[in-house]
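J.: Got a structure for you, written out below as structure tokens; questions coming shortly.
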Amino acid sequence: MTADEVGRRLRLPLSTVYHLAKTGKLPAVQFGRSWRFPAASIERLGGATPSLRVLVVDDDAVTCGLVSSALEPCGCQVSEAGNVEQALQLCRRHRFDVMFIDLKLPDRDGTELIRELLGEYSLNQMVVITAHPDISLVGELLKLGPVTLLCKPLALEQLIECVKRITGKHLMAGADNDQGASRSLKNSPAPTTSVTPLNAQAADTIGR
């Protein structure tokens, strides 16, 4: 297994995986500058298949609550951060499968957080959420590559489909939660954008 695969399996940041390998706390063999890990040993350490871990970075409690209410019944572990610094602290301790990041945060812009995380995560894993798309910030994001943009107010179904698309995993909820989600969806506003990678055409649409 590669270091990245170990990080995803054990829910650890890459920096932690490398540290554990170098100190002999994870079984590993070094080949030049790369590390390889025995799959059987890592699987034993990982135990049962873990649930998806999701991070929502937003200073709006309503948005954080909506993401949790949509994804936790589906078996996801949802963590919340109110600003960039809190998000970075969580990312140092945990490995996330998907992140929902508000474009405007109290301490710094969400684009700055995305830039800092690109060494550990792919752009595909980070979903931008915003109530008022800022064209200049959207332009900065487009320089990094295709990103997914969701406009508030968010809908439960929209969040679930987004996680399924990014992870390739099928999310299942219990019957009671399915009924609750259905009731909530009836009262939820329709999503203002589709869950697709943002591109130049979408940016032009936002500008209009």
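Note on naming: chains are A, B, ... as they come in the structure tokens, residues start from 1 per chain, ligands start from 1 in the order shown.
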With stretch 3-21 of chain A as the partner and 9 Å as the cut-off, tabulate the residues of stretch 55-146 of chain A that qualify, each row holding the nearest pair of atoms and their distance in Å to one decimal, using only C-alpha atoms, sorted by chain and rising number, as a tab-separated table.
T.:
```
residue	atom	partner	partner_atom	distance
A:Cys91	CA	A:Pro13	CA	7.0
A:Arg92	CA	A:Pro13	CA	6.2
A:Arg93	CA	A:Pro13	CA	7.0
A:His94	CA	A:Leu12	CA	5.4
A:Arg95	CA	A:Arg11	CA	4.3
A:Phe96	CA	A:Arg11	CA	6.9
A:Asp97	CA	A:Arg8	CA	7.8
A:Glu120	CA	A:Leu14	CA	6.6
```
J.: Residues as selected, C-alpha atoms, written as an mmCIF file, in the first residue's frame, can you do that?
T.:
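part_2.cif written:
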```cif
data_model
loop_
_atom_site.group_PDB
_atom_site.id
_atom_site.type_symbol
_atom_site.label_atom_id
_atom_site.label_comp_id
_atom_site.auth_asym_id
_atom_site.auth_seq_id
_atom_site.Cartn_x
_atom_site.Cartn_y
_atom_site.Cartn_z
ATOM 1 C CA CYS A 91 -7.166 18.132 9.424
ATOM 2 C CA ARG A 92 -3.959 17.614 11.396
ATOM 3 C CA ARG A 93 -5.761 15.098 13.620
ATOM 4 C CA HIS A 94 -8.088 13.375 11.152
ATOM 5 C CA ARG A 95 -8.278 12.323 7.538
ATOM 6 C CA PHE A 96 -11.469 13.449 5.775
ATOM 7 C CA ASP A 97 -13.103 11.960 2.693
ATOM 8 C CA GLU A 120 -2.902 16.481 1.485
#
```
J.: Find the spatial neighbours of A:Ala81, counting only C-alpha atoms, within a cut-off of 12 Å - ignore same-chain residues fewer than 2 positions away - and output them as a PyMOL selection string.
T.: chain A and resi 54-61+63-65+78-79+83-91+99-102+105-107+110+113
J.: Between A:Val98, A:Val147, A:Ser136, A:Ser68, single out the one closest to A:Cys162, counting only C-alpha atoms.
T.: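 Going through A:Val98, A:Val147, A:Ser136, A:Ser68 one by one, the smallest distance to A:Cys162 is for A:Val98.
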J.: Give the strand (DSSP E) residues of stretch 13-193 of chain A, as assigned by DSSP on the backbone, as a PyMOL selection string.
T.: chain A and resi 29-31+34-36+53-57+77-81+98-102+126-130+147-151
J.: So how many Å separate atom CA of A:Asp134 and atom CA of A:Val163, to one decimal?
T.: 24.0 Å
